[in-house]
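Participant: Structure in structure tokens, see below.
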Amino acid sequence: MPLHWIDSEERVRSEYGKYLADEARYGEGSARIIFFPESEEQISAFLRRMSSESIPVTISAGRTGIVSGAVPPRGAILSTERMNKILGLRFDSKTGEWLVRVQPGVILKDLHTKIERKEFRELLTSASESEKEDLKRFLEDPQRYFYPPDPTEDSSTIGGNIATNAAGARTYKYGSTRRFVRRIRVALANGDILDIRRGQVFAGPERTFEIQLSDGRSAIVNLPSYIMPHVKNAAGYYVEEGMDLIDLFIGSEGTLGVITEAELALAPRLGNLLTALIFFPSERDALGFVHRIRGDHAKGRAYAEGPESMEYFDSNSLNLLRLSRKESTTPMEIPEFPERAEAAILLEQSYSEEEFEKLVESLEVSLRENRSSLEDTMSATDDSSRKRLTEIRHAVPETVNQRIASLKMKIPEIHKVGTDTAVPDQYLDAMLDCYVKRLVEERFEYVIFGHISENNLHVNVLPSTLEELKRAERLAEEFARYAVEHGGTVSGEHGVGKLKRSLLKVMYGEKGVEEMFQVKKALDPQLILNPGDIFPID
């Protein structure tokens, strides 16, 4: 067998154990085979073989997900990590966009760095003449460009981002991954390759796609009849009238096909970026600031250009990091917080030099209205200082995971219980009040943080006993039902994977889930792709 193929359950467990788990840390999976393809052709051949032998395949990317989507229940693992090349960059004269073409294993952080530094000269040796002209234009262009999607885990891969329609901090201004995908190549379960360009194939009036397969058959895909909520949403297959075929695969969590290549749109970076970590004397004051900046009330937005992102951290989040700092033997990368701070907002805002003074003045007014000030704010305009402030995004969930990992040594079955709900703007306050009230009533240790600009907050409960774990799981479902009843979603950005799949019935009912299942059966008749994700194995 080739070096990139292992067929031994014992060797997979002993030598490749990290591929049996993901960031969810809910326990290890099991697999007999692990395969590391280096080309689309190898993926296609592997899937044909697995399909012919009815062996389930779990797709492994960066394994940064927190819903156990990459944890294999059995069968084979297909890891895309060796397909990590940037293949090309071109200018689309029709749309006026720069497009970068990548393999699925490209790491997000690496892509961000290469785009921002314009490190594409190595592509000149293999590019066609037209591509060379585009590359030279890009390298000589004084305009800065960037790839807007910015999920918290920048060690994630582009293939995984597309499979989950990854969002992140900048989604408030720029939208999720879906908005920047212009083309994908997808390997179906039978090994067929689809080359899908945005704007070419749309669903018919009966919400139907007809996809031609290599054996001469047609796969008829009847889309679900449900209506998706008008909030940031990553739960279930994307559906809308006359939708583009490309959008069916984006966010399908690897259950319909394997992304083998993608072409992504870049955006111009206009002006500079201000990052501000703002502290408030209460969580209510932080909430009031968010409303003011978003322009939710009659006074309107504090300044004309909206922020790129706003991240929320409750008092428990700040206290958890304070405690971690005291207990840690190594310095933490995040700054120390003021003792009086009971909540924080991490704000990112683009600006031009001539607008900066006006921006600061407007920001100060909004702060004073909500019992904060510039003195209660840490700010940065350069990359190194900005990283120190934005590290809080990583520090909170990482600290939670560390505490759970420590507890797991005593109680192996224990795990955190997290929510990923989102609701319409008018229900933000009520949602947060409901969550805090019930968490206090249940006497849980918890933190609440996340993308408050889009009302997408994460409640992390840290149970200390198995009895608490069961109660926390029931409460998480209660929160999901609350969000759905108020026009929201059970998952704003992380998908459902294996851990939250039961919540799809809360959102779409038995009928909606069955309609989704028929979509999967049309494209994956043997149900071999990502078993257990979105749908139960049985």
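Residues in the structure tokens are numbered from 1 in each chain, the chains being A, B, ... in the order shown, and ligands are numbered from 1 in the order shown.
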Excluding same-chain residues fewer than 2 positions from range 78-93 of chain A, what lies within 6 Å of it counting only C-alpha atoms, as an NGL selection string?

Facilitator: :A and (35-36 or 38 or 59-61 or 95-103 or 105-106 or 131 or 134)

Participant: Check range 311-429 of chain A with DSSP on the backbone and list each residue it calls strand (DSSP E or B), as a PyMOL selection string.

Facilitator: chain A and resi 311-313+343-351+377-380+417-418+420+422

Participant: So what do you get for CA of Ser176 in chain A versus CA of Asn530 in chain A, distance-wise?

Facilitator: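 Between these atoms lies a distance of 22.6 Å.
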
Participant: Go ahead and compute the interatomic distance for CA of Leu273 in chain A and CA of Glu348 in chain A, in Å to one decimal.

Facilitator: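 About the pair CA of Leu273 in chain A and CA of Glu348 in chain A: they are 6.8 Å apart.
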
Participant: Given only C-alpha atoms as the basis, pick out the residue of A:Thr113, A:Ser54, A:Gln143, A:Gln200 nearest to Ala267 in chain A.

Facilitator: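 Among A:Thr113, A:Ser54, A:Gln143, A:Gln200, it is A:Gln143 that comes nearest to Ala267 in chain A.
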
Participant: Please list as an MDAnalysis selection string every residue within 10 Å of Gly488 in chain A, counting only C-alpha atoms and excluding residues in the same chain fewer than 5 positions away.

Facilitator: chainID A and resid 228:233 421:425 427 455:456 480:483 507

Participant: Closest to Tyr16 in chain A among A:Glu28, A:Glu308, A:Glu493, A:Asp420, using only C-alpha atoms?

Facilitator: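 With only C-alpha atoms as the atom set, the closest residue is A:Glu28.
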
Participant: For Glu153 in chain A, which of A:Ala187, A:Ile107, A:Leu359, A:Ile259 is the closest residue, counting only C-alpha atoms?

Facilitator: A:Ile107

Participant: Identify, on the basis of only C-alpha atoms, every residue whose closest approach to Leu256 in chain A does not exceed 10 Å; exclude the query and any residue fewer than 3 positions from it along the same chain; express the result as a PyMOL selection string.

Facilitator: chain A and resi 163+186-189+237+248-253+259+519-524+527-530

Participant: Among the residues of range 298-482 of chain A, find those DSSP assigns to helix (DSSP H, G or I) from the backbone and print them as a ChimeraX atom specification.

Facilitator: /A:315-327,353-369,374-376,383-408,425-441,452-454,466-482

Participant: Any chance you could tabulate, as JSON lines, the residues of range 311-330 of chain A at most 12 Å from range 383-395 of chain A with each one's nearest atom pair and distance in Å to one decimal, using only C-alpha atoms, in chain and rising number order?

Facilitator:
```
{"residue": "A:Glu311", "atom": "CA", "partner": "A:Arg393", "partner_atom": "CA", "distance": 7.9}
{"residue": "A:Tyr312", "atom": "CA", "partner": "A:Arg393", "partner_atom": "CA", "distance": 9.3}
{"residue": "A:Phe313", "atom": "CA", "partner": "A:Ile392", "partner_atom": "CA", "distance": 8.9}
{"residue": "A:Ser317", "atom": "CA", "partner": "A:Ala395", "partner_atom": "CA", "distance": 9.5}
{"residue": "A:Leu318", "atom": "CA", "partner": "A:Ile392", "partner_atom": "CA", "distance": 9.4}
{"residue": "A:Leu320", "atom": "CA", "partner": "A:Ala395", "partner_atom": "CA", "distance": 9.8}
{"residue": "A:Leu321", "atom": "CA", "partner": "A:Ala395", "partner_atom": "CA", "distance": 7.5}
{"residue": "A:Arg322", "atom": "CA", "partner": "A:Ala395", "partner_atom": "CA", "distance": 11.1}
{"residue": "A:Ser324", "atom": "CA", "partner": "A:Ala395", "partner_atom": "CA", "distance": 9.8}
{"residue": "A:Arg325", "atom": "CA", "partner": "A:Ala395", "partner_atom": "CA", "distance": 10.8}
```

Participant: Counting only C-alpha atoms, what is within 7 Å of Phe146 in chain A, bar same-chain residues fewer than 5 positions away, as a ChimeraX atom specification?

Facilitator: /A:112,115-116,266-269

Participant: For each of A:Ala430, A:Ile184, A:Leu407, A:Ala343, take the minimum atom-to-atom distance to His486 in chain A, counting only C-alpha atoms, then give the residue where this is smallest.

Facilitator: A:Ala430

Participant: Do a neighbour search on Val436 in chain A at 10 Å with only C-alpha atoms, toss out local chain neighbours closer than 6 positions, and write the hits as a PyMOL selection string.

Facilitator: chain A and resi 442+446-448+459

Participant: Which one is closest to Glu327 in chain A: A:Thr64, A:Ser372, A:Thr399, A:Ser156? Count only C-alpha atoms.

Facilitator: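 Using only C-alpha atoms, the shortest distance to Glu327 in chain A belongs to A:Thr399.
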
Participant: Counting only C-alpha atoms, figure out which residue out of A:Arg25, A:Arg471, A:Ala476, A:Lys118 gets nearest to Ser406 in chain A.

Facilitator: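 Ranking A:Arg25, A:Arg471, A:Ala476, A:Lys118 by distance to Ser406 in chain A, first place goes to A:Arg25.
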
Participant: Please list as a ChimeraX atom specification every residue within 9 Å of Ala167 in chain A, counting only C-alpha atoms and excluding residues in the same chain fewer than 6 positions away.

Facilitator: /A:149-152,161,175-178,232,234,492-494

Participant: Generate the output file for the selected residues, N, CA and C atoms, as a PDB file, in the first residue's frame.

Facilitator:
```
ATOM      1  N   PRO A 149     -13.699  36.187   5.593  1.00  0.00           N
ATOM      2  CA  PRO A 149     -14.091  35.227   6.632  1.00  0.00           C
ATOM      3  C   PRO A 149     -13.007  35.054   7.695  1.00  0.00           C
ATOM      4  N   ASP A 150     -13.422  35.114   8.959  1.00  0.00           N
ATOM      5  CA  ASP A 150     -12.474  35.176  10.064  1.00  0.00           C
ATOM      6  C   ASP A 150     -12.944  34.344  11.254  1.00  0.00           C
ATOM      7  N   PRO A 151     -13.155  33.031  11.074  1.00  0.00           N
ATOM      8  CA  PRO A 151     -13.547  32.206  12.222  1.00  0.00           C
ATOM      9  C   PRO A 151     -12.488  32.242  13.307  1.00  0.00           C
ATOM     10  N   THR A 152     -12.901  32.017  14.538  1.00  0.00           N
ATOM     11  CA  THR A 152     -11.999  32.136  15.685  1.00  0.00           C
ATOM     12  C   THR A 152     -10.775  31.245  15.533  1.00  0.00           C
ATOM     13  N   ASN A 161     -13.930  25.091   6.316  1.00  0.00           N
ATOM     14  CA  ASN A 161     -14.700  26.339   6.373  1.00  0.00           C
ATOM     15  C   ASN A 161     -15.873  26.312   5.412  1.00  0.00           C
ATOM     16  N   GLY A 175     -20.340  39.067   6.079  1.00  0.00           N
ATOM     17  CA  GLY A 175     -21.037  37.824   5.782  1.00  0.00           C
ATOM     18  C   GLY A 175     -20.144  36.623   6.015  1.00  0.00           C
ATOM     19  N   SER A 176     -20.722  35.432   5.913  1.00  0.00           N
ATOM     20  CA  SER A 176     -20.009  34.183   6.177  1.00  0.00           C
ATOM     21  C   SER A 176     -19.252  33.706   4.940  1.00  0.00           C
ATOM     22  N   THR A 177     -18.648  32.538   5.051  1.00  0.00           N
ATOM     23  CA  THR A 177     -17.838  31.973   3.959  1.00  0.00           C
ATOM     24  C   THR A 177     -18.620  31.895   2.658  1.00  0.00           C
ATOM     25  N   ARG A 178     -19.906  31.543   2.740  1.00  0.00           N
ATOM     26  CA  ARG A 178     -20.737  31.387   1.547  1.00  0.00           C
ATOM     27  C   ARG A 178     -20.643  32.590   0.606  1.00  0.00           C
ATOM     28  N   LYS A 232     -28.289  34.740  11.388  1.00  0.00           N
ATOM     29  CA  LYS A 232     -27.088  33.972  11.111  1.00  0.00           C
ATOM     30  C   LYS A 232     -27.372  32.505  11.450  1.00  0.00           C
ATOM     31  N   ALA A 234     -26.439  28.154  10.772  1.00  0.00           N
ATOM     32  CA  ALA A 234     -25.615  27.066  10.243  1.00  0.00           C
ATOM     33  C   ALA A 234     -26.230  25.715  10.576  1.00  0.00           C
ATOM     34  N   GLY A 492     -25.832  29.005  15.136  1.00  0.00           N
ATOM     35  CA  GLY A 492     -25.530  30.194  14.349  1.00  0.00           C
ATOM     36  C   GLY A 492     -24.294  30.044  13.493  1.00  0.00           C
ATOM     37  N   GLU A 493     -23.339  29.175  13.913  1.00  0.00           N
ATOM     38  CA  GLU A 493     -22.102  29.101  13.128  1.00  0.00           C
ATOM     39  C   GLU A 493     -21.365  27.773  13.198  1.00  0.00           C
ATOM     40  N   HIS A 494     -21.615  26.929  14.156  1.00  0.00           N
ATOM     41  CA  HIS A 494     -20.803  25.729  14.309  1.00  0.00           C
ATOM     42  C   HIS A 494     -21.376  24.501  13.614  1.00  0.00           C
TER      43      HIS A 494
END
```

Participant: Provide the CA of Asp285 in chain A to CA of Glu336 in chain A distance in Å, to one decimal place.

Facilitator: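 Going from CA of Asp285 in chain A over to CA of Glu336 in chain A covers 20.4 Å.
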